file work-v5.cif (mmCIF, C-alpha atoms)
data_work
loop_
_atom_site.label_atom_id
_atom_site.label_comp_id
_atom_site.auth_asym_id
_atom_site.auth_seq_id
_atom_site.Cartn_x
_atom_site.Cartn_y
_atom_site.Cartn_z
CA MET A 66 -0.96 2.33 -25.44
CA ILE A 67 1.43 1.90 -22.49
CA ARG A 68 -0.22 0.37 -19.44
CA VAL A 69 1.21 1.82 -16.23
CA ILE A 70 0.40 -0.63 -13.42
CA VAL A 71 0.18 0.97 -9.98
CA ASP A 72 -1.01 -1.98 -7.91
CA SER A 73 -2.16 0.23 -5.06
CA GLN A 74 -3.25 -1.15 -1.69
CA SER A 75 -5.12 1.95 -0.54
CA ASN A 76 -8.03 0.43 1.35
CA ARG A 77 -7.92 1.69 4.94
CA LEU A 78 -7.53 -1.88 6.25
CA PHE A 79 -4.28 -2.22 4.28
CA ARG A 80 -2.75 1.11 5.27
CA GLY A 81 0.46 0.92 7.29
CA VAL A 82 0.67 -2.88 7.01
CA ARG A 83 3.92 -3.74 5.30
CA LEU A 84 2.81 -7.21 4.19
CA GLU A 85 -0.31 -5.79 2.54
CA GLN A 86 1.64 -2.99 0.87
CA SER A 87 4.08 -5.57 -0.53
CA TYR A 88 1.21 -6.87 -2.67
CA ASP A 89 2.08 -4.08 -5.09
CA GLN A 90 4.43 -6.66 -6.68
CA ARG A 91 1.60 -9.11 -7.38
CA GLY A 92 -0.15 -7.91 -10.50
CA GLY A 93 2.13 -6.11 -12.89
CA LEU A 94 4.32 -9.00 -13.98
CA CYS A 95 1.28 -11.19 -14.56
CA GLU A 96 -0.37 -8.61 -16.79
CA VAL A 97 2.22 -6.81 -18.90
CA GLY A 98 5.53 -7.43 -20.65
CA SER A 99 7.87 -5.02 -22.41
CA GLU A 100 4.93 -2.88 -23.49
CA GLY A 101 4.14 -1.91 -19.89
CA ILE A 102 5.51 -0.11 -16.84
CA VAL A 103 5.14 -1.49 -13.31
CA VAL A 104 5.38 0.82 -10.29
CA THR A 105 6.27 -0.77 -6.94
CA THR A 106 7.47 0.35 -3.53
CA ASP A 107 10.59 -1.85 -3.46
CA PRO A 108 12.54 -3.38 -6.36
CA ILE A 109 11.52 -6.94 -7.28
CA ASP A 110 13.99 -9.75 -6.45
CA PRO A 111 16.37 -10.06 -9.48
CA GLN A 112 16.43 -13.86 -9.16
CA TYR A 113 12.65 -13.93 -9.41
CA LEU A 114 12.81 -11.74 -12.51
CA GLN A 115 15.30 -14.16 -14.02
CA TYR A 116 12.84 -17.01 -13.42
CA TRP A 117 10.04 -14.98 -14.96
CA ARG A 118 12.11 -14.25 -18.06
CA GLU A 119 14.16 -17.40 -18.59
CA THR A 120 11.99 -20.22 -17.21
CA LEU A 121 8.56 -18.86 -18.11
CA GLY A 122 9.68 -16.97 -21.21
CA PHE A 123 8.01 -13.66 -20.42
CA ASP A 124 9.56 -10.42 -21.55
CA LEU A 125 9.85 -7.98 -18.67
CA PRO A 126 8.15 -4.62 -18.27
CA ARG A 127 10.06 -1.55 -17.23
CA PHE A 128 10.09 -0.94 -13.49
CA LEU A 129 9.89 2.12 -11.28
CA ALA A 130 10.48 1.72 -7.52
CA VAL A 131 9.24 4.64 -5.41
CA GLY A 132 10.09 3.41 -1.89
CA PRO A 133 11.27 2.79 0.69
CA PHE A 134 8.18 1.66 2.56
CA ASN A 135 6.61 4.31 4.75
CA PRO A 136 3.77 3.26 7.10
CA GLU A 137 2.14 6.65 6.55
CA HIS A 138 1.86 6.22 2.78
CA THR A 139 0.38 3.85 0.25
CA LEU A 140 2.06 3.23 -3.11
CA SER A 141 0.09 6.02 -4.80
CA GLU A 142 0.96 8.43 -2.00
CA LEU A 143 4.66 7.57 -2.25
CA LEU A 144 4.56 8.47 -5.93
CA LEU A 145 2.60 11.65 -5.23
CA ALA A 146 5.23 12.71 -2.68
CA LYS A 147 8.21 12.27 -5.02
CA PRO A 148 8.43 14.70 -7.95
CA ASP A 149 11.69 13.10 -9.08
CA ARG A 150 9.97 9.71 -9.48
CA GLN A 151 7.11 11.42 -11.31
CA ALA A 152 9.63 12.97 -13.71
CA THR A 153 11.29 9.58 -14.23
CA LEU A 154 7.94 8.04 -15.12
CA ARG A 155 7.18 10.77 -17.67
CA LYS A 156 10.61 10.28 -19.20
CA MET A 157 10.01 6.52 -19.47
CA LEU A 158 6.84 7.22 -21.45
CA GLN A 159 8.69 9.39 -24.02
CA GLY A 160 5.47 11.14 -24.95
CA GLU A 161 3.61 7.93 -25.86
CA THR A 162 -0.07 7.44 -25.03
CA ALA A 163 -0.51 5.75 -21.64
CA ARG A 164 -3.07 4.94 -18.98
CA LEU A 165 -2.91 4.29 -15.25
CA GLU A 166 -4.33 1.03 -13.86
CA PHE A 167 -4.86 0.54 -10.13
CA PHE A 168 -5.86 -2.19 -7.70
CA CYS A 169 -7.64 -0.34 -4.89
CA ILE A 170 -9.25 2.86 -6.13
CA GLU A 171 -9.53 5.52 -3.43
CA GLU A 172 -8.85 9.25 -3.11
CA PRO A 173 -5.03 8.93 -3.42
CA GLU A 174 -5.52 7.31 -6.83
CA ARG A 175 -7.84 10.14 -7.91
CA LYS A 176 -4.99 12.61 -7.29
CA LEU A 177 -2.45 10.84 -9.50
CA PRO A 178 -3.78 11.45 -13.05
CA PRO A 179 -3.69 15.28 -12.92
CA VAL A 180 -0.27 15.25 -11.23
CA LEU A 181 1.25 12.83 -13.74
CA GLY A 182 -0.69 13.97 -16.79
CA ILE A 183 -1.74 10.34 -17.43
CA PRO A 184 -5.43 9.36 -17.57
CA ALA A 185 -6.75 6.60 -15.33
CA TYR A 186 -8.57 3.56 -16.70
CA CYS A 187 -11.51 4.03 -14.35
CA ASN A 188 -14.22 6.52 -13.48
CA PHE A 189 -13.50 7.64 -9.93
CA ASP A 190 -17.06 8.94 -9.47
CA VAL A 191 -18.30 5.37 -9.97
CA ALA A 192 -15.42 3.32 -8.57
CA ILE A 193 -15.10 5.00 -5.18
CA PRO A 194 -18.80 5.23 -4.17
CA PHE A 195 -19.65 1.74 -5.41
CA SER A 196 -16.71 0.14 -3.65
CA ARG A 197 -18.84 0.69 -0.53
CA LYS A 198 -20.95 -2.36 0.25
CA ILE A 199 -24.11 -0.50 1.21
CA ALA A 200 -24.18 1.41 -2.09
CA PHE A 201 -23.84 -1.89 -3.94
CA LYS A 202 -26.65 -3.54 -1.94
CA LYS A 203 -28.98 -0.64 -2.74
CA LEU A 204 -28.12 -0.91 -6.43
CA ALA A 205 -28.66 -4.69 -6.44
CA ASP A 206 -32.16 -4.24 -5.03
CA GLU A 207 -32.88 -1.42 -7.48
CA ILE A 208 -31.92 -3.36 -10.64
CA GLY A 209 -33.32 -6.70 -9.49
CA ILE A 210 -30.27 -8.91 -9.05
CA PRO A 211 -30.58 -11.34 -6.10
CA THR A 212 -28.71 -10.47 -2.91
CA PRO A 213 -29.13 -11.77 0.67
CA SER A 214 -31.42 -9.93 3.09
CA TRP A 215 -29.69 -6.96 4.65
CA LEU A 216 -30.03 -3.84 6.74
CA THR A 217 -27.79 -1.06 8.00
CA CYS A 218 -27.10 0.46 11.40
CA ALA A 219 -25.33 3.68 12.30
CA THR A 220 -24.83 3.34 16.07
CA LYS A 221 -23.80 0.60 18.45
CA GLU A 222 -27.17 0.74 20.21
CA GLU A 223 -28.96 0.37 16.87
CA PHE A 224 -26.71 -2.53 15.90
CA LEU A 225 -27.35 -4.45 19.13
CA ALA A 226 -31.12 -4.01 18.79
CA GLU A 227 -31.31 -4.73 15.06
CA GLY A 228 -28.83 -7.58 15.38
CA ARG A 229 -30.94 -9.38 17.99
CA SER A 230 -34.06 -8.95 15.87
CA PHE A 231 -32.27 -10.13 12.71
CA LEU A 232 -30.95 -13.25 14.46
CA LYS A 233 -34.44 -14.08 15.68
CA ASP A 234 -36.16 -13.54 12.31
CA LYS A 235 -33.53 -14.56 9.75
CA GLY A 236 -30.74 -16.36 11.57
CA PRO A 237 -26.93 -15.88 11.52
CA PHE A 238 -25.52 -12.86 9.73
CA LEU A 239 -22.29 -11.31 8.53
CA LEU A 240 -21.45 -7.90 9.94
CA LYS A 241 -19.50 -5.93 7.33
CA ALA A 242 -17.73 -2.59 7.29
CA SER A 243 -19.11 -0.76 4.26
CA ASP A 244 -15.60 0.00 2.98
CA GLY A 245 -14.09 -3.30 4.17
CA THR A 246 -12.16 -5.79 2.09
CA GLY A 247 -10.29 -9.04 2.57
CA GLY A 248 -12.99 -10.81 4.60
CA PHE A 249 -12.20 -12.06 8.09
CA ALA A 250 -8.44 -11.92 7.58
CA CYS A 251 -8.31 -8.14 7.27
CA GLY A 252 -10.86 -7.30 9.95
CA GLY A 253 -13.59 -5.97 7.67
CA MET A 254 -16.16 -8.63 8.50
CA SER A 255 -17.35 -10.82 11.37
CA LEU A 256 -19.79 -13.71 11.71
CA VAL A 257 -22.57 -13.42 14.31
CA GLN A 258 -24.54 -16.60 15.04
CA THR A 259 -25.95 -15.98 18.54
CA PRO A 260 -26.96 -12.95 20.64
CA GLU A 261 -23.92 -13.60 22.84
CA GLU A 262 -21.67 -12.89 19.83
CA LEU A 263 -23.07 -9.44 19.08
CA GLU A 264 -20.62 -7.51 21.27
CA ARG A 265 -17.61 -9.48 20.00
CA GLY A 266 -18.71 -9.05 16.40
CA PHE A 267 -19.04 -5.32 16.88
CA ARG A 268 -15.62 -5.00 18.54
CA ARG A 269 -13.98 -6.90 15.70
CA LEU A 270 -14.93 -4.08 13.34
CA ASN A 271 -14.55 -1.22 15.83
CA SER A 272 -11.49 -0.87 18.02
CA GLN A 273 -13.26 1.61 20.30
CA ASP A 274 -16.44 0.98 22.25
CA GLY A 275 -18.35 3.97 20.89
CA ASP A 276 -20.40 4.31 17.75
CA PRO A 277 -18.84 3.25 14.43
CA THR A 278 -17.37 5.93 12.16
CA GLN A 279 -19.50 4.68 9.25
CA GLU A 280 -22.69 2.70 8.72
CA LEU A 281 -22.37 -1.05 9.23
CA LEU A 282 -24.01 -3.69 7.04
CA ILE A 283 -25.84 -6.72 8.42
CA GLU A 284 -26.24 -9.44 5.77
CA LYS A 285 -27.97 -12.80 6.09
CA VAL A 286 -25.75 -15.88 5.89
CA ILE A 287 -26.78 -18.27 3.12
CA PRO A 288 -25.92 -21.78 4.42
CA GLY A 289 -24.17 -24.49 2.43
CA VAL A 290 -22.79 -22.27 -0.30
CA ARG A 291 -19.71 -21.94 -2.44
CA THR A 292 -18.50 -18.73 -4.03
CA VAL A 293 -18.05 -17.87 -7.69
CA SER A 294 -16.23 -14.73 -8.75
CA ALA A 295 -17.35 -12.98 -11.95
CA HIS A 296 -14.99 -10.65 -13.84
CA TRP A 297 -15.66 -8.26 -16.67
CA GLU A 298 -14.36 -5.07 -18.27
CA ILE A 299 -16.08 -1.98 -19.64
CA LEU A 300 -14.08 -0.61 -22.55
CA ASP A 301 -13.79 2.93 -23.88
CA GLY A 302 -17.03 3.62 -25.69
CA GLY A 303 -19.15 1.66 -23.23
CA LYS A 304 -18.74 -1.86 -24.59
CA LEU A 305 -18.91 -4.65 -21.99
CA LYS A 306 -16.32 -7.43 -22.28
CA PHE A 307 -17.06 -10.50 -20.16
CA VAL A 308 -13.86 -12.19 -18.84
CA ASP A 309 -14.93 -15.39 -17.04
CA LEU A 310 -16.24 -17.04 -13.89
CA PHE A 311 -13.90 -18.46 -11.25
CA GLU A 312 -14.54 -20.64 -8.21
CA GLN A 313 -13.13 -19.09 -5.06
CA ARG A 314 -11.47 -21.03 -2.27
CA GLY A 315 -11.75 -19.99 1.35
CA GLU A 316 -14.79 -19.25 3.52
CA TYR A 317 -15.54 -15.55 4.08
CA ALA A 318 -12.05 -14.65 2.83
CA TYR A 319 -10.14 -15.07 -0.41
CA SER A 320 -7.39 -17.72 -0.22
CA GLY A 321 -7.31 -18.96 -3.80
CA VAL A 322 -9.20 -19.94 -6.92
CA SER A 323 -9.87 -22.79 -9.31
CA TRP A 324 -10.67 -22.30 -12.99
CA PRO A 325 -12.75 -23.04 -14.95
CA ALA A 326 -15.57 -22.81 -12.40
CA ASP A 327 -17.37 -26.12 -11.90
CA ILE A 328 -20.93 -24.92 -12.50
CA SER A 329 -23.74 -25.89 -14.85
CA ILE A 330 -24.26 -24.22 -18.21
CA ALA A 331 -27.67 -23.01 -17.00
CA LEU A 332 -26.17 -21.23 -13.98
CA ARG A 333 -23.41 -19.74 -16.09
CA GLU A 334 -26.02 -18.31 -18.44
CA ARG A 335 -27.99 -16.83 -15.53
CA LEU A 336 -24.92 -15.14 -14.07
CA MET A 337 -23.89 -13.76 -17.44
CA ALA A 338 -27.42 -12.45 -17.93
CA ASP A 339 -27.20 -10.61 -14.61
CA ILE A 340 -24.02 -8.91 -15.83
CA GLU A 341 -24.86 -8.30 -19.48
CA ARG A 342 -28.55 -7.33 -19.13
CA ARG A 343 -28.81 -5.75 -15.68
CA PHE A 344 -25.60 -4.79 -13.91
CA GLY A 345 -23.39 -3.93 -16.89
CA PRO A 346 -25.89 -1.58 -18.63
CA GLN A 347 -26.48 0.24 -15.33
CA LEU A 348 -22.74 0.79 -14.86
CA ILE A 349 -22.33 1.91 -18.47
CA GLN A 350 -25.16 4.42 -18.02
CA MET A 351 -23.23 5.84 -15.04
CA GLY A 352 -20.13 6.29 -17.20
CA ALA A 353 -18.16 3.42 -15.69
CA ILE A 354 -14.97 2.23 -17.38
CA GLY A 355 -12.25 -0.27 -16.53
CA PHE A 356 -12.24 -3.56 -14.62
CA PHE A 357 -14.95 -5.02 -12.37
CA CYS A 358 -15.54 -8.16 -10.33
CA ALA A 359 -18.14 -9.54 -7.97
CA ASP A 360 -18.57 -12.43 -5.55
CA ILE A 361 -21.68 -14.57 -5.92
CA VAL A 362 -22.66 -17.34 -3.51
CA ILE A 363 -24.39 -20.47 -4.82
CA ASP A 364 -26.31 -23.06 -2.84
CA ARG A 365 -26.71 -26.78 -3.58
CA GLU A 366 -29.71 -26.12 -5.87
CA GLU A 367 -27.61 -23.55 -7.80
CA ARG A 368 -29.66 -20.62 -6.59
CA HIS A 369 -27.40 -17.59 -6.49
CA TRP A 370 -27.01 -14.33 -4.55
CA TRP A 371 -24.64 -11.44 -5.22
CA VAL A 372 -22.74 -10.57 -2.02
CA ASP A 373 -19.86 -8.27 -2.96
CA PHE A 374 -18.92 -5.96 -5.81
CA ASN A 375 -15.51 -4.46 -6.57
CA PRO A 376 -15.33 -1.71 -9.22
CA ARG A 377 -11.68 -2.60 -9.82
CA LYS A 378 -9.48 -5.53 -10.77
CA GLY A 379 -9.75 -8.66 -8.67
CA ALA A 380 -6.72 -10.67 -7.57
CA ILE A 381 -7.94 -13.59 -9.69
CA LEU A 382 -7.63 -11.51 -12.85
CA TYR A 383 -3.85 -11.33 -12.46
CA VAL A 384 -3.45 -15.10 -12.28
CA TYR A 385 -5.88 -15.63 -15.16
CA ASN A 386 -3.93 -13.25 -17.40
CA MET A 387 -0.67 -14.96 -16.48
CA VAL A 388 -2.13 -18.35 -17.45
CA ARG A 389 -3.56 -16.93 -20.67
CA ARG A 390 -0.13 -15.63 -21.66
CA LEU A 391 1.56 -18.91 -20.68
CA ARG A 392 -0.85 -20.89 -22.85
CA GLU A 393 0.23 -18.86 -25.86
CA ARG A 394 3.95 -19.29 -25.13
CA HIS A 395 4.27 -22.90 -23.96
CA LEU A 396 1.03 -24.82 -24.22
CA ARG A 397 -0.06 -24.20 -27.82
CA SER A 398 -3.20 -22.50 -26.47
CA LYS A 399 -4.52 -25.80 -25.06
CA GLN A 400 -7.35 -25.93 -22.55
CA CYS A 401 -5.89 -25.53 -19.06
CA TRP A 402 -7.08 -26.10 -15.52
CA LEU A 403 -5.84 -23.95 -12.66
CA LEU A 404 -5.66 -24.18 -8.88
CA HIS A 405 -4.13 -21.14 -7.22
CA GLU A 406 -3.74 -20.67 -3.46
CA HIS A 407 -2.05 -18.40 -0.96
CA PHE A 408 -0.58 -20.11 2.11
CA ARG A 409 1.84 -19.61 4.97
CA LEU A 410 5.38 -21.00 4.75
CA THR A 411 5.87 -22.73 8.09
CA ASN A 412 9.52 -23.56 7.36
CA GLU A 413 11.47 -20.47 8.45
CA ASP A 414 14.35 -21.39 6.14
CA ILE A 415 12.15 -20.52 3.16
CA ARG A 416 11.98 -16.75 2.99
CA SER A 417 13.35 -16.03 -0.50
CA PHE A 418 12.67 -17.02 -4.06
CA SER A 419 16.01 -18.83 -4.28
CA ALA A 420 14.91 -21.14 -1.43
CA ILE A 421 11.53 -21.71 -3.09
CA GLU A 422 13.16 -22.41 -6.46
CA GLU A 423 15.52 -24.94 -4.87
CA ARG A 424 12.60 -26.82 -3.26
CA LEU A 425 10.31 -26.85 -6.29
CA GLY A 426 12.93 -27.65 -8.93
CA ASP A 427 11.43 -29.46 -11.92
CA LEU A 428 7.86 -28.52 -10.96
CA LEU A 429 8.63 -24.99 -12.17
CA LEU A 430 9.32 -26.06 -15.77
CA PRO A 431 6.38 -25.46 -18.15
CA GLN A 432 5.00 -28.85 -19.19
CA GLU A 433 1.69 -30.74 -19.02
CA GLU A 434 1.58 -30.23 -15.24
CA PHE A 435 3.65 -27.59 -13.48
CA VAL A 436 3.42 -24.75 -10.99
CA VAL A 437 4.02 -21.02 -11.22
CA VAL A 438 5.15 -18.95 -8.26
CA THR A 439 3.35 -15.59 -8.28
CA ASN A 440 3.54 -12.49 -6.07
CA PRO A 441 7.27 -12.10 -5.25
CA GLY A 442 6.56 -9.49 -2.57
CA VAL A 443 5.33 -11.92 0.10
CA PHE A 444 8.17 -14.46 0.43
CA THR A 445 10.08 -12.52 3.09
CA PHE A 446 6.93 -12.38 5.23
CA GLY A 447 6.58 -16.17 5.19
CA TYR A 448 3.91 -16.58 2.52
CA ALA A 449 3.71 -18.04 -0.97
CA ASP A 450 1.22 -17.80 -3.84
CA ILE A 451 1.37 -20.93 -6.00
CA ALA A 452 -0.58 -21.79 -9.16
CA GLY A 453 -0.92 -25.44 -10.18
CA ILE A 454 -1.58 -25.75 -13.93
CA SER A 455 -2.54 -28.80 -15.99
CA THR A 456 -3.46 -29.33 -19.63
CA ARG A 457 -5.13 -32.65 -18.77
CA SER A 458 -7.63 -32.24 -15.92
CA PRO A 459 -8.58 -30.24 -12.81
CA GLU A 460 -7.49 -33.22 -10.70
CA GLN A 461 -3.98 -33.04 -12.16
CA ALA A 462 -3.81 -29.30 -11.48
CA LYS A 463 -4.74 -30.05 -7.88
CA THR A 464 -2.18 -32.86 -7.64
CA VAL A 465 0.74 -30.78 -8.90
CA PHE A 466 -0.26 -27.87 -6.65
CA HIS A 467 -0.32 -30.11 -3.56
CA GLU A 468 3.02 -31.64 -4.47
CA ALA A 469 4.54 -28.17 -4.62
CA ARG A 470 2.88 -27.17 -1.37
CA GLU A 471 4.19 -30.30 0.36
CA ARG A 472 7.73 -29.59 -0.82
CA LEU A 473 7.56 -26.08 0.61
CA LEU A 474 6.03 -27.09 3.92
CA SER A 475 8.12 -30.20 4.64
#
call {"tool": "encode", "arguments": {"input": "work-v5.cif", "output": "structure tokens"}}
result
Amino acid sequence: MIRVIVDSQSNRLFRGVRLEQSYDQRGGLCEVGSEGIVVTTDPIDPQYLQYWRETLGFDLPRFLAVGPFNPEHTLSELLLAKPDRQATLRKMLQGETARLEFFCIEEPERKLPPVLGIPAYCNFDVAIPFSRKIAFKKLADEIGIPTPSWLTCATKEEFLAEGRSFLKDKGPFLLKASDGTGGFACGGMSLVQTPEELERGFRRLNSQDGDPTQELLIEKVIPGVRTVSAHWEILDGGKLKFVDLFEQRGEYAYSGVSWPADISIALRERLMADIERRFGPQLIQMGAIGFFCADIVIDREERHWWVDFNPRKGAILYVYNMVRRLRERHLRSKQCWLLHEHFRLTNEDIRSFSAIEERLGDLLLPQEEFVVVTNPGVFTFGYADIAGISTRSPEQAKTVFHEARERLLS
């Protein structure tokens, strides 16, 4: 089975944004080697590929670039618009069995399988509707998994009235676009704590003053929480494969992850029960297949609430698979601890992998503590994704990460 990775960024909040579209270079290298094909808009930096192959010891997948970047098109749409690139992909497969794997799953991704003659590892009739937050909230209530109090509103007038009432009865809330993603950073969510913030919160999600183009979700803020991300897969035949739990970094937006998650065994068992006894069977009954992840907030007493569901891969999965493969190659499958974060490079001289490699030097060599540079598409935009890895302790993973970060920011 050849895995064809099309790391699409098709959510409407990502469309036309070159930085976001450059994330199509993030996942493929982490997930597949010579047995896979990775489709990107632009070719990946050859010096980065040399690092991936020679320093980390990974064999490389085959690559297909379908650019250049076009603000009117996502990665999937670029491939749909180029019959010559489609023909090249079919030739690369040489008649072997293959499947398409996406990041965002929207209507452009639905169009690709019949055009290419390659099946997708997802069920579009599940993935697209349940990527909408309101559909997920309804399902959570129906199957009895805990989720914060919520309501919907279809007009601005309704939002202002319901928002005031919600603030009075339940306190601060998050206003979410039903199809939003990326938290605050991408404009799909805003925090409303007082009646004076209602107008501003609404405008953050709606560029015009009129009614929204889709229903909005009001969701109660649970104070004093941290976020755990759960990942699982539903295989052909309807078997559920649990991946793991990860502790997210960043408030109301993803900025990184630590692993393993620092939670009690009892909480871990409760979260797995939610997935294996409630959520997973419901998805399987719907015919779901592929990768899934969800964000779950936890308070100081380890009570938990499900707040977001993604019927697709999560960004954390890429880093986890990279670490899993590294353990087999360099670390004799030892227990590892991981701290991975995305941050801005304030030094304008660092806009290429060669500059990053020069700064990090020996920290890049696989050993008891080291770092891995992921996501080669973001360097030129002034960002870096760095994973600190240790075979000794979570504290050591944090220490080596911060040393690398300091070298890049100094």
call {"tool": "resolve_selection", "arguments": {"input": "work-v5.cif", "expression": "the PyMOL selection byres ((chain A and resi 113-127) around 9)", "output": "list of chain:residue names"}}
result
A:Gly93, A:Leu94, A:Val97, A:Gly98, A:Ser99, A:Glu100, A:Gly101, A:Ile102, A:Val103, A:Val104, A:Ile109, A:Asp110, A:Pro111, A:Gln112, A:Phe128, A:Leu129, A:Met157, A:Arg390, A:Leu391, A:Arg394, A:His395, A:Phe418, A:Ser419, A:Glu422, A:Leu429, A:Leu430, A:Pro431, A:Val437, A:Pro441
call {"tool": "residues_near_point", "arguments": {"input": "work-v5.cif", "point": "(-20.7, -4.7, 11.1)", "cutoff": "6 Å", "atoms": "all atoms listed in the file", "output": "PDB file with C-alpha atoms, keeping the file's coordinate frame"}}
result
ATOM      1  CA  LEU A 240     -21.450  -7.900   9.940  1.00  0.00           C
ATOM      2  CA  LYS A 241     -19.500  -5.930   7.330  1.00  0.00           C
ATOM      3  CA  ALA A 242     -17.730  -2.590   7.290  1.00  0.00           C
ATOM      4  CA  LEU A 281     -22.370  -1.050   9.230  1.00  0.00           C
ATOM      5  CA  LEU A 282     -24.010  -3.690   7.040  1.00  0.00           C
TER       6      LEU A 282
END
call {"tool": "axis_aligned_box", "arguments": {"input": "work-v5.cif", "around": "stretch 105-110 of chain A", "padding_each_side": "5 Å", "output": "JSON"}}
result
{"center_x": 10.1, "center_y": -4.7, "center_z": -5.4, "size_x": 17.7, "size_y": 20.1, "size_z": 13.8}
call {"tool": "atom_distance", "arguments": {"input": "work-v5.cif", "atom1": "atom CA of A:Leu84", "atom2": "atom CA of A:Thr445"}}
result
9.1 Å
call {"tool": "resolve_selection", "arguments": {"input": "work-v5.cif", "expression": "the PyMOL selection byres ((chain A and resi 339-349) around 9)", "output": "compact mmCIF listing (two decimals) with C-alpha atoms, in the frame of the given file"}}
result
# COMPACT_ATOMS: atom_id res chain seq x y z
CA VAL A 191 -18.30 5.37 -9.97
CA LEU A 204 -28.12 -0.91 -6.43
CA ALA A 205 -28.66 -4.69 -6.44
CA ILE A 208 -31.92 -3.36 -10.64
CA GLY A 209 -33.32 -6.70 -9.49
CA ILE A 210 -30.27 -8.91 -9.05
CA ALA A 295 -17.35 -12.98 -11.95
CA TRP A 297 -15.66 -8.26 -16.67
CA ILE A 299 -16.08 -1.98 -19.64
CA GLY A 303 -19.15 1.66 -23.23
CA LYS A 304 -18.74 -1.86 -24.59
CA LEU A 305 -18.91 -4.65 -21.99
CA PHE A 307 -17.06 -10.50 -20.16
CA GLU A 334 -26.02 -18.31 -18.44
CA ARG A 335 -27.99 -16.83 -15.53
CA LEU A 336 -24.92 -15.14 -14.07
CA MET A 337 -23.89 -13.76 -17.44
CA ALA A 338 -27.42 -12.45 -17.93
CA GLN A 350 -25.16 4.42 -18.02
CA MET A 351 -23.23 5.84 -15.04
CA GLY A 352 -20.13 6.29 -17.20
CA ALA A 353 -18.16 3.42 -15.69
CA ILE A 354 -14.97 2.23 -17.38
call {"tool": "resolve_selection", "arguments": {"input": "work-v5.cif", "expression": "the PyMOL selection byres ((chain A and resi 224) around 10)", "output": "list in words"}}
result
Leu216, Thr217, Cys218, Ala219, Thr220, Lys221, Glu222, Glu223, Leu225, Ala226, Glu227, Gly228, Arg229, Ser230, Phe231, Leu240, Leu263, Glu264, Phe267, Asp276, Pro277, Glu280, Leu281, Leu282 and Ile283 of chain A
call {"tool": "write_last_selection", "arguments": {"input": "work-v5.cif", "atoms": "C-alpha atoms", "output": "tab-separated table (two decimals), in the coordinates of the input"}}
result
chain	number	residue	atom	x	y	z
A	216	LEU	CA	-30.03	-3.84	6.74
A	217	THR	CA	-27.79	-1.06	8.00
A	218	CYS	CA	-27.10	0.46	11.40
A	219	ALA	CA	-25.33	3.68	12.30
A	220	THR	CA	-24.83	3.34	16.07
A	221	LYS	CA	-23.80	0.60	18.45
A	222	GLU	CA	-27.17	0.74	20.21
A	223	GLU	CA	-28.96	0.37	16.87
A	225	LEU	CA	-27.35	-4.45	19.13
A	226	ALA	CA	-31.12	-4.01	18.79
A	227	GLU	CA	-31.31	-4.73	15.06
A	228	GLY	CA	-28.83	-7.58	15.38
A	229	ARG	CA	-30.94	-9.38	17.99
A	230	SER	CA	-34.06	-8.95	15.87
A	231	PHE	CA	-32.27	-10.13	12.71
A	240	LEU	CA	-21.45	-7.90	9.94
A	263	LEU	CA	-23.07	-9.44	19.08
A	264	GLU	CA	-20.62	-7.51	21.27
A	267	PHE	CA	-19.04	-5.32	16.88
A	276	ASP	CA	-20.40	4.31	17.75
A	277	PRO	CA	-18.84	3.25	14.43
A	280	GLU	CA	-22.69	2.70	8.72
A	281	LEU	CA	-22.37	-1.05	9.23
A	282	LEU	CA	-24.01	-3.69	7.04
A	283	ILE	CA	-25.84	-6.72	8.42
call {"tool": "atom_distance", "arguments": {"input": "work-v5.cif", "atom1": "atom CA of A:Ser196", "atom2": "atom CA of A:Arg268"}}
result
22.8 Å
call {"tool": "atom_distance", "arguments": {"input": "work-v5.cif", "atom1": "atom CA of A:Lys285", "atom2": "atom CA of A:Pro213"}}
result
5.6 Å
call {"tool": "residues_near_point", "arguments": {"input": "work-v5.cif", "point": "(-9.2, -29.5, -11.7)", "cutoff": "8 Å", "atoms": "only C-alpha atoms", "output": "CSV table (one decimal) with C-alpha atoms, keeping the file's coordinate frame"}}
result
chain,number,residue,atom,x,y,z
A,323,SER,CA,-9.9,-22.8,-9.3
A,324,TRP,CA,-10.7,-22.3,-13.0
A,402,TRP,CA,-7.1,-26.1,-15.5
A,403,LEU,CA,-5.8,-24.0,-12.7
A,404,LEU,CA,-5.7,-24.2,-8.9
A,455,SER,CA,-2.5,-28.8,-16.0
A,458,SER,CA,-7.6,-32.2,-15.9
A,459,PRO,CA,-8.6,-30.2,-12.8
A,460,GLU,CA,-7.5,-33.2,-10.7
A,461,GLN,CA,-4.0,-33.0,-12.2
A,462,ALA,CA,-3.8,-29.3,-11.5
A,463,LYS,CA,-4.7,-30.0,-7.9
call {"tool": "closest_residue", "arguments": {"input": "work-v5.cif", "among": "A:Lys198, A:Glu393, A:Leu239, A:Cys187", "to": "A:Glu298", "atoms": "all atoms listed in the file"}}
result
A:Cys187
call {"tool": "closest_residue", "arguments": {"input": "work-v5.cif", "among": "A:Asp414, A:Asp244, A:Glu284, A:Glu312", "to": "A:Glu171", "atoms": "all atoms listed in the file"}}
result
A:Asp244
call {"tool": "closest_residue", "arguments": {"input": "work-v5.cif", "among": "A:Pro260, A:Pro288, A:Gly442, A:Gly379", "to": "A:Thr105", "atoms": "all atoms listed in the file"}}
result
A:Gly442
call {"tool": "residues_around", "arguments": {"input": "work-v5.cif", "residues": "A:Asp373", "least_positions_apart": "6", "cutoff": "10 Å", "atoms": "only C-alpha atoms", "output": "ChimeraX atom specification"}}
result
/A:196-199,201-202,212,246,294,358-362
